[in-house]
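Next up, start30.txt (compact mmCIF, N, CA and C atoms):
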```
# COMPACT_ATOMS: atom_id res chain seq x y z
N MET A 299 138.58 2.34 11.98
CA MET A 299 138.05 2.24 10.65
C MET A 299 136.65 1.65 10.76
N LYS A 300 135.75 2.28 10.10
CA LYS A 300 134.36 1.86 10.15
C LYS A 300 134.09 0.83 9.06
N LEU A 301 133.65 -0.35 9.43
CA LEU A 301 133.33 -1.40 8.48
C LEU A 301 131.83 -1.43 8.26
N VAL A 302 131.43 -1.67 7.01
CA VAL A 302 130.01 -1.70 6.66
C VAL A 302 129.61 -3.16 6.46
N ASN A 303 128.50 -3.51 7.10
CA ASN A 303 127.97 -4.86 6.93
C ASN A 303 127.20 -4.89 5.61
N LEU A 304 127.71 -5.67 4.63
CA LEU A 304 127.09 -5.70 3.32
C LEU A 304 125.76 -6.45 3.32
N ARG A 305 125.55 -7.29 4.29
CA ARG A 305 124.30 -8.07 4.34
C ARG A 305 123.12 -7.22 4.83
N SER A 306 123.40 -6.11 5.41
CA SER A 306 122.32 -5.29 5.92
C SER A 306 121.64 -4.48 4.82
N GLY A 307 122.10 -4.65 3.58
CA GLY A 307 121.44 -3.96 2.47
C GLY A 307 122.03 -2.61 2.19
N GLY A 308 123.04 -2.21 2.92
CA GLY A 308 123.69 -0.94 2.65
C GLY A 308 124.50 -1.01 1.36
N ARG A 309 124.52 0.09 0.68
CA ARG A 309 125.23 0.14 -0.59
C ARG A 309 126.68 0.57 -0.35
N PRO A 310 127.67 -0.15 -0.92
CA PRO A 310 129.07 0.23 -0.71
C PRO A 310 129.37 1.55 -1.42
N GLU A 311 130.27 2.33 -0.83
CA GLU A 311 130.64 3.63 -1.39
C GLU A 311 132.14 3.65 -1.68
N VAL A 312 132.48 4.36 -2.71
CA VAL A 312 133.89 4.55 -3.04
C VAL A 312 134.30 5.92 -2.50
N GLN A 313 135.32 5.92 -1.68
CA GLN A 313 135.81 7.17 -1.12
C GLN A 313 136.72 7.85 -2.15
N ILE A 314 136.35 9.02 -2.60
CA ILE A 314 137.08 9.74 -3.64
C ILE A 314 138.28 10.49 -3.08
N ALA A 315 138.20 11.03 -1.90
CA ALA A 315 139.28 11.85 -1.32
C ALA A 315 140.60 11.08 -1.25
N PRO A 316 140.63 9.83 -0.76
CA PRO A 316 141.92 9.11 -0.74
C PRO A 316 142.47 8.83 -2.14
N LEU A 317 141.58 8.60 -3.10
CA LEU A 317 142.04 8.38 -4.47
C LEU A 317 142.70 9.63 -5.04
N ILE A 318 142.11 10.78 -4.78
CA ILE A 318 142.68 12.04 -5.26
C ILE A 318 144.03 12.28 -4.59
N ASP A 319 144.14 11.98 -3.30
CA ASP A 319 145.42 12.13 -2.60
C ASP A 319 146.51 11.27 -3.24
N VAL A 320 146.18 10.04 -3.56
CA VAL A 320 147.16 9.14 -4.16
C VAL A 320 147.58 9.65 -5.55
N ILE A 321 146.61 10.11 -6.32
CA ILE A 321 146.92 10.63 -7.66
C ILE A 321 147.85 11.84 -7.56
N PHE A 322 147.59 12.76 -6.64
CA PHE A 322 148.45 13.92 -6.48
C PHE A 322 149.85 13.52 -6.02
N LEU A 323 149.94 12.55 -5.14
CA LEU A 323 151.26 12.08 -4.69
C LEU A 323 152.05 11.47 -5.85
N LEU A 324 151.39 10.68 -6.69
CA LEU A 324 152.06 10.12 -7.86
C LEU A 324 152.49 11.21 -8.84
N LEU A 325 151.63 12.19 -9.04
CA LEU A 325 151.95 13.30 -9.92
C LEU A 325 153.18 14.06 -9.42
N ILE A 326 153.22 14.35 -8.14
CA ILE A 326 154.36 15.06 -7.56
C ILE A 326 155.62 14.20 -7.67
N PHE A 327 155.52 12.91 -7.40
CA PHE A 327 156.66 12.00 -7.50
C PHE A 327 157.25 12.02 -8.91
N TYR A 328 156.42 11.89 -9.93
CA TYR A 328 156.91 11.88 -11.30
C TYR A 328 157.46 13.24 -11.71
N ALA A 329 156.84 14.31 -11.26
CA ALA A 329 157.33 15.65 -11.60
C ALA A 329 158.71 15.89 -11.01
N VAL A 330 158.92 15.47 -9.78
CA VAL A 330 160.21 15.70 -9.11
C VAL A 330 161.29 14.80 -9.69
N THR A 331 161.00 13.56 -9.94
CA THR A 331 162.04 12.64 -10.41
C THR A 331 162.41 12.88 -11.87
N THR A 332 161.53 13.34 -12.70
CA THR A 332 161.88 13.56 -14.10
C THR A 332 162.70 14.81 -14.30
N GLN A 333 162.70 15.73 -13.37
CA GLN A 333 163.50 16.94 -13.51
C GLN A 333 164.98 16.65 -13.36
N PHE A 334 165.34 15.59 -12.66
CA PHE A 334 166.73 15.32 -12.38
C PHE A 334 167.31 14.20 -13.23
N VAL A 335 166.59 13.77 -14.24
CA VAL A 335 167.10 12.73 -15.13
C VAL A 335 168.17 13.36 -16.02
N ASN A 336 169.34 12.75 -16.03
CA ASN A 336 170.45 13.27 -16.82
C ASN A 336 170.95 12.15 -17.72
N ASP A 337 171.18 12.48 -18.98
CA ASP A 337 171.61 11.48 -19.94
C ASP A 337 173.07 11.11 -19.68
N GLN A 338 173.29 9.95 -19.06
CA GLN A 338 174.63 9.51 -18.73
C GLN A 338 175.04 8.27 -19.51
N ARG A 339 174.32 7.98 -20.60
CA ARG A 339 174.65 6.77 -21.36
C ARG A 339 176.02 6.87 -21.99
N LEU A 340 176.35 8.02 -22.53
CA LEU A 340 177.64 8.23 -23.16
C LEU A 340 178.25 9.48 -22.56
N LYS A 341 179.29 9.29 -21.78
CA LYS A 341 179.92 10.43 -21.12
C LYS A 341 181.02 10.97 -22.01
N LEU A 342 180.78 12.15 -22.55
CA LEU A 342 181.78 12.82 -23.39
C LEU A 342 182.43 13.92 -22.59
N GLU A 343 183.72 14.05 -22.73
CA GLU A 343 184.43 15.17 -22.14
C GLU A 343 184.72 16.13 -23.28
N LEU A 344 183.83 17.11 -23.45
CA LEU A 344 183.95 18.03 -24.57
C LEU A 344 185.14 18.95 -24.38
N PRO A 345 185.81 19.30 -25.47
CA PRO A 345 186.89 20.28 -25.36
C PRO A 345 186.33 21.63 -24.97
N GLU A 346 187.15 22.45 -24.33
CA GLU A 346 186.70 23.76 -23.88
C GLU A 346 187.13 24.84 -24.87
N ALA A 347 186.31 25.87 -24.99
CA ALA A 347 186.61 27.00 -25.86
C ALA A 347 186.09 28.28 -25.21
N LYS A 348 186.95 29.30 -25.16
CA LYS A 348 186.54 30.57 -24.56
C LYS A 348 185.39 31.21 -25.32
N THR A 349 185.33 30.96 -26.62
CA THR A 349 184.32 31.60 -27.46
C THR A 349 183.08 30.73 -27.64
N ALA A 350 182.92 29.70 -26.82
CA ALA A 350 181.76 28.82 -26.93
C ALA A 350 180.48 29.62 -26.71
N GLU A 351 179.48 29.32 -27.50
CA GLU A 351 178.20 30.02 -27.41
C GLU A 351 177.08 29.02 -27.14
N THR A 352 176.06 29.48 -26.45
CA THR A 352 174.87 28.68 -26.27
C THR A 352 173.90 29.06 -27.37
N ILE A 353 173.54 28.07 -28.19
CA ILE A 353 172.64 28.36 -29.30
C ILE A 353 171.49 27.39 -29.28
N GLY A 354 170.49 27.69 -30.07
CA GLY A 354 169.37 26.78 -30.24
C GLY A 354 168.32 26.86 -29.15
N GLN A 355 168.46 27.79 -28.21
CA GLN A 355 167.44 27.89 -27.18
C GLN A 355 166.22 28.58 -27.74
N GLY A 356 165.06 28.03 -27.43
CA GLY A 356 163.81 28.60 -27.90
C GLY A 356 163.35 28.03 -29.22
N LYS A 357 164.15 27.19 -29.84
CA LYS A 357 163.74 26.58 -31.10
C LYS A 357 162.88 25.37 -30.81
N ASP A 358 161.97 25.09 -31.73
CA ASP A 358 161.10 23.94 -31.56
C ASP A 358 161.85 22.64 -31.74
N ALA A 359 162.66 22.56 -32.76
CA ALA A 359 163.39 21.33 -33.04
C ALA A 359 164.88 21.62 -33.09
N SER A 360 165.63 20.99 -32.22
CA SER A 360 167.07 21.19 -32.24
C SER A 360 167.69 20.19 -33.20
N PRO A 361 168.84 20.52 -33.77
CA PRO A 361 169.47 19.62 -34.72
C PRO A 361 169.86 18.29 -34.05
N PRO A 362 169.87 17.21 -34.82
CA PRO A 362 170.27 15.92 -34.26
C PRO A 362 171.77 15.91 -33.94
N GLU A 363 172.17 15.02 -33.03
CA GLU A 363 173.55 14.97 -32.58
C GLU A 363 174.25 13.71 -33.06
N VAL A 364 175.49 13.88 -33.49
CA VAL A 364 176.38 12.77 -33.80
C VAL A 364 177.51 12.88 -32.79
N LYS A 365 177.77 11.79 -32.04
CA LYS A 365 178.77 11.81 -30.99
C LYS A 365 179.92 10.87 -31.33
N VAL A 366 181.14 11.34 -31.05
CA VAL A 366 182.33 10.52 -31.23
C VAL A 366 182.96 10.34 -29.87
N ALA A 367 183.02 9.10 -29.39
CA ALA A 367 183.56 8.79 -28.07
C ALA A 367 185.09 8.80 -28.11
N ALA A 368 185.70 8.75 -26.94
CA ALA A 368 187.16 8.80 -26.83
C ALA A 368 187.83 7.63 -27.54
N ASP A 369 187.16 6.49 -27.61
CA ASP A 369 187.75 5.32 -28.28
C ASP A 369 187.49 5.32 -29.79
N GLY A 370 186.84 6.36 -30.32
CA GLY A 370 186.59 6.47 -31.76
C GLY A 370 185.25 5.91 -32.20
N THR A 371 184.46 5.42 -31.25
CA THR A 371 183.15 4.88 -31.59
C THR A 371 182.19 6.03 -31.90
N VAL A 372 181.40 5.88 -32.95
CA VAL A 372 180.44 6.90 -33.37
C VAL A 372 179.04 6.49 -32.92
N PHE A 373 178.31 7.45 -32.35
CA PHE A 373 176.95 7.21 -31.87
C PHE A 373 176.00 8.19 -32.54
N ILE A 374 174.87 7.67 -33.02
CA ILE A 374 173.78 8.50 -33.53
C ILE A 374 172.53 8.07 -32.78
N ASP A 375 171.83 9.03 -32.20
CA ASP A 375 170.66 8.74 -31.37
C ASP A 375 171.03 7.78 -30.24
N ASP A 376 172.21 7.97 -29.66
CA ASP A 376 172.72 7.16 -28.55
C ASP A 376 172.83 5.68 -28.89
N ARG A 377 172.94 5.37 -30.17
CA ARG A 377 173.17 3.98 -30.61
C ARG A 377 174.47 3.94 -31.39
N GLU A 378 175.25 2.92 -31.09
CA GLU A 378 176.53 2.77 -31.77
C GLU A 378 176.30 2.50 -33.26
N VAL A 379 177.12 3.15 -34.09
CA VAL A 379 177.00 3.00 -35.54
C VAL A 379 178.27 2.31 -36.05
N ALA A 380 178.09 1.21 -36.77
CA ALA A 380 179.23 0.51 -37.35
C ALA A 380 179.85 1.36 -38.45
N ASP A 381 181.13 1.17 -38.68
CA ASP A 381 181.85 1.95 -39.68
C ASP A 381 181.24 1.79 -41.07
N ALA A 382 180.76 0.59 -41.38
CA ALA A 382 180.17 0.33 -42.70
C ALA A 382 178.83 1.06 -42.88
N ASP A 383 178.11 1.28 -41.79
CA ASP A 383 176.79 1.92 -41.85
C ASP A 383 176.84 3.43 -41.66
N LEU A 384 178.03 3.97 -41.40
CA LEU A 384 178.15 5.38 -41.03
C LEU A 384 177.61 6.31 -42.11
N GLU A 385 178.01 6.11 -43.34
CA GLU A 385 177.58 7.01 -44.41
C GLU A 385 176.07 6.98 -44.62
N ALA A 386 175.48 5.78 -44.61
CA ALA A 386 174.03 5.66 -44.80
C ALA A 386 173.26 6.31 -43.64
N ARG A 387 173.72 6.10 -42.42
CA ARG A 387 173.02 6.67 -41.25
C ARG A 387 173.12 8.19 -41.23
N ILE A 388 174.30 8.73 -41.55
CA ILE A 388 174.45 10.19 -41.55
C ILE A 388 173.65 10.80 -42.69
N THR A 389 173.61 10.15 -43.85
CA THR A 389 172.81 10.66 -44.96
C THR A 389 171.33 10.72 -44.57
N GLU A 390 170.85 9.67 -43.92
CA GLU A 390 169.45 9.65 -43.45
C GLU A 390 169.21 10.73 -42.40
N LEU A 391 170.20 10.90 -41.50
CA LEU A 391 170.08 11.90 -40.44
C LEU A 391 170.00 13.31 -41.01
N VAL A 392 170.86 13.61 -41.97
CA VAL A 392 170.88 14.94 -42.60
C VAL A 392 169.60 15.19 -43.36
N LYS A 393 169.10 14.16 -44.04
CA LYS A 393 167.86 14.30 -44.82
C LYS A 393 166.67 14.64 -43.92
N ASN A 394 166.63 14.06 -42.72
CA ASN A 394 165.51 14.28 -41.81
C ASN A 394 165.73 15.43 -40.83
N ALA A 395 166.91 16.03 -40.84
CA ALA A 395 167.24 17.09 -39.89
C ALA A 395 166.56 18.40 -40.29
N PRO A 396 166.15 19.20 -39.30
CA PRO A 396 165.57 20.50 -39.63
C PRO A 396 166.66 21.41 -40.22
N ASP A 397 166.40 21.97 -41.37
CA ASP A 397 167.32 22.88 -42.07
C ASP A 397 168.64 22.21 -42.46
N GLY A 398 168.71 20.89 -42.43
CA GLY A 398 169.94 20.19 -42.81
C GLY A 398 171.09 20.41 -41.86
N GLN A 399 170.80 20.78 -40.61
CA GLN A 399 171.81 21.07 -39.60
C GLN A 399 172.02 19.85 -38.71
N ILE A 400 173.27 19.61 -38.28
CA ILE A 400 173.56 18.59 -37.28
C ILE A 400 174.56 19.15 -36.27
N ILE A 401 174.62 18.53 -35.10
CA ILE A 401 175.58 18.90 -34.07
C ILE A 401 176.57 17.75 -33.94
N LEU A 402 177.86 18.05 -34.00
CA LEU A 402 178.91 17.05 -33.86
C LEU A 402 179.57 17.24 -32.50
N LYS A 403 179.48 16.21 -31.66
CA LYS A 403 180.10 16.25 -30.34
C LYS A 403 181.22 15.22 -30.32
N GLY A 404 182.43 15.71 -30.23
CA GLY A 404 183.59 14.83 -30.18
C GLY A 404 184.26 14.92 -28.82
N ASP A 405 184.55 13.78 -28.23
CA ASP A 405 185.23 13.75 -26.93
C ASP A 405 186.62 14.37 -27.09
N ARG A 406 187.12 14.97 -26.03
CA ARG A 406 188.43 15.62 -26.04
C ARG A 406 189.52 14.62 -26.43
N GLY A 407 189.37 13.37 -26.02
CA GLY A 407 190.38 12.36 -26.31
C GLY A 407 190.11 11.57 -27.58
N ALA A 408 189.10 11.95 -28.35
CA ALA A 408 188.76 11.20 -29.56
C ALA A 408 189.82 11.41 -30.63
N ASP A 409 189.99 10.39 -31.46
CA ASP A 409 190.93 10.46 -32.57
C ASP A 409 190.44 11.53 -33.55
N TYR A 410 191.32 12.47 -33.87
CA TYR A 410 190.96 13.58 -34.76
C TYR A 410 190.52 13.07 -36.12
N GLY A 411 191.12 11.98 -36.56
CA GLY A 411 190.77 11.42 -37.86
C GLY A 411 189.33 10.95 -37.92
N VAL A 412 188.82 10.38 -36.83
CA VAL A 412 187.43 9.91 -36.80
C VAL A 412 186.48 11.10 -36.85
N VAL A 413 186.82 12.16 -36.11
CA VAL A 413 185.97 13.36 -36.11
C VAL A 413 185.93 13.97 -37.50
N VAL A 414 187.08 14.04 -38.17
CA VAL A 414 187.13 14.60 -39.53
C VAL A 414 186.36 13.71 -40.50
N LYS A 415 186.45 12.39 -40.31
CA LYS A 415 185.71 11.46 -41.18
C LYS A 415 184.20 11.69 -41.06
N VAL A 416 183.71 11.85 -39.82
CA VAL A 416 182.29 12.12 -39.60
C VAL A 416 181.91 13.47 -40.20
N LEU A 417 182.76 14.47 -40.02
CA LEU A 417 182.52 15.80 -40.57
C LEU A 417 182.45 15.74 -42.10
N ASP A 418 183.40 15.06 -42.71
CA ASP A 418 183.45 14.93 -44.16
C ASP A 418 182.23 14.16 -44.69
N THR A 419 181.85 13.10 -43.98
CA THR A 419 180.68 12.31 -44.39
C THR A 419 179.41 13.16 -44.33
N ALA A 420 179.29 13.98 -43.29
CA ALA A 420 178.11 14.84 -43.16
C ALA A 420 178.07 15.88 -44.28
N ARG A 421 179.21 16.44 -44.60
CA ARG A 421 179.25 17.42 -45.70
C ARG A 421 178.89 16.76 -47.02
N ALA A 422 179.42 15.55 -47.25
CA ALA A 422 179.12 14.84 -48.50
C ALA A 422 177.65 14.46 -48.57
N ALA A 423 177.01 14.27 -47.41
CA ALA A 423 175.60 13.91 -47.37
C ALA A 423 174.70 15.12 -47.59
N GLY A 424 175.28 16.31 -47.64
CA GLY A 424 174.50 17.51 -47.92
C GLY A 424 174.13 18.32 -46.70
N ALA A 425 174.84 18.15 -45.60
CA ALA A 425 174.56 18.94 -44.40
C ALA A 425 174.84 20.41 -44.70
N LYS A 426 173.86 21.26 -44.43
CA LYS A 426 174.00 22.70 -44.70
C LYS A 426 174.75 23.41 -43.59
N GLY A 427 174.79 22.79 -42.42
CA GLY A 427 175.51 23.37 -41.30
C GLY A 427 175.88 22.28 -40.30
N ILE A 428 177.11 22.34 -39.84
CA ILE A 428 177.59 21.38 -38.85
C ILE A 428 178.11 22.19 -37.67
N GLN A 429 177.48 22.01 -36.53
CA GLN A 429 177.89 22.74 -35.33
C GLN A 429 178.78 21.84 -34.50
N MET A 430 179.95 22.36 -34.16
CA MET A 430 180.87 21.62 -33.30
C MET A 430 180.56 22.00 -31.86
N SER A 431 180.30 21.02 -31.04
CA SER A 431 179.91 21.27 -29.66
C SER A 431 181.14 21.29 -28.76
N THR A 432 181.23 22.33 -27.93
CA THR A 432 182.30 22.46 -26.95
C THR A 432 181.70 22.84 -25.61
N ALA A 433 182.54 22.82 -24.59
CA ALA A 433 182.11 23.26 -23.26
C ALA A 433 182.80 24.57 -22.95
N LYS A 434 182.09 25.47 -22.31
CA LYS A 434 182.68 26.75 -21.92
C LYS A 434 183.46 26.54 -20.62
N PRO A 435 184.74 26.98 -20.56
CA PRO A 435 185.51 26.78 -19.34
C PRO A 435 184.96 27.63 -18.22
N PRO A 436 185.17 27.19 -16.97
CA PRO A 436 184.74 28.03 -15.85
C PRO A 436 185.46 29.38 -15.89
N ALA A 437 184.81 30.40 -15.36
CA ALA A 437 185.38 31.75 -15.39
C ALA A 437 186.72 31.78 -14.69
N GLY A 438 187.70 32.40 -15.34
CA GLY A 438 189.02 32.56 -14.74
C GLY A 438 189.94 31.38 -14.93
N VAL A 439 189.47 30.32 -15.58
CA VAL A 439 190.30 29.14 -15.79
C VAL A 439 190.64 29.06 -17.28
N PRO A 440 191.92 29.07 -17.63
CA PRO A 440 192.27 28.96 -19.05
C PRO A 440 191.94 27.58 -19.59
N PRO A 441 191.48 27.49 -20.85
CA PRO A 441 191.14 26.18 -21.41
C PRO A 441 192.41 25.35 -21.58
N GLY A 442 192.20 24.04 -21.49
CA GLY A 442 193.35 23.18 -21.70
C GLY A 442 193.19 21.98 -20.93
```
How does this structure look as structure tokens?
Amino acid sequence: MKLVNLRSGGRPEVQIAPLIDVIFLLLIFYAVTTQFVNDQRLKLELPEAKTAETIGQGKDASPPEVKVAADGTVFIDDREVADADLEARITELVKNAPDGQIILKGDRGADYGVVVKVLDTARAAGAKGIQMSTAKPPAGVPPG
């Protein structure tokens, strides 16, 4: 490594090539790591349906999601919602949703009564469409 004597009157230089290399390495690092980020905050085991369809691809704004966990806990925007606040939060969600649509994701082991309560609350709040989210079973495997 060549050292410059600053007392000799030479002007210090900033080497641009190593800076560009570091920037590209950081860019590649962030590009690679963000592709594999998977939302694992709330693990739902969705029920399977042979007639499940993939919808909403290519749309600018997808409908917001309401999730019901296996223990009956309701989540909106990945935040737990208290039973007392459920109606107000769903009303706000429906009001701000594109086309008044929401997606309801209920865990396979969730209490059916809680799912129906969320569904009924969304309808009462004026939801124009409620999509029930399911998982498509692997080919050749019967659902169940």
Length of the atom CA of Ser431 of chain A to atom CA of Pro345 of chain A vector [Å]: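 Answer for the atom CA of Ser431 of chain A to atom CA of Pro345 of chain A separation: 8.3 Å.
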Atomic separation - atom CA of Ala368 of chain A relative to atom N of Thr432 of chain A, Å: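 So the two atoms, atom N of Thr432 of chain A and atom CA of Ala368 of chain A, lie 14.8 Å apart.
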Cut-off 7 Å around (185.8, 10.2, -31.5) with only N, CA and C atoms: residues as a PyMOL selection string: chain A and resi 365-372+403-405+407-410+412-413
Atomic separation - atom CA of Phe373 of chain A relative to atom CA of Lys393 of chain A, Å: 17.3 Å
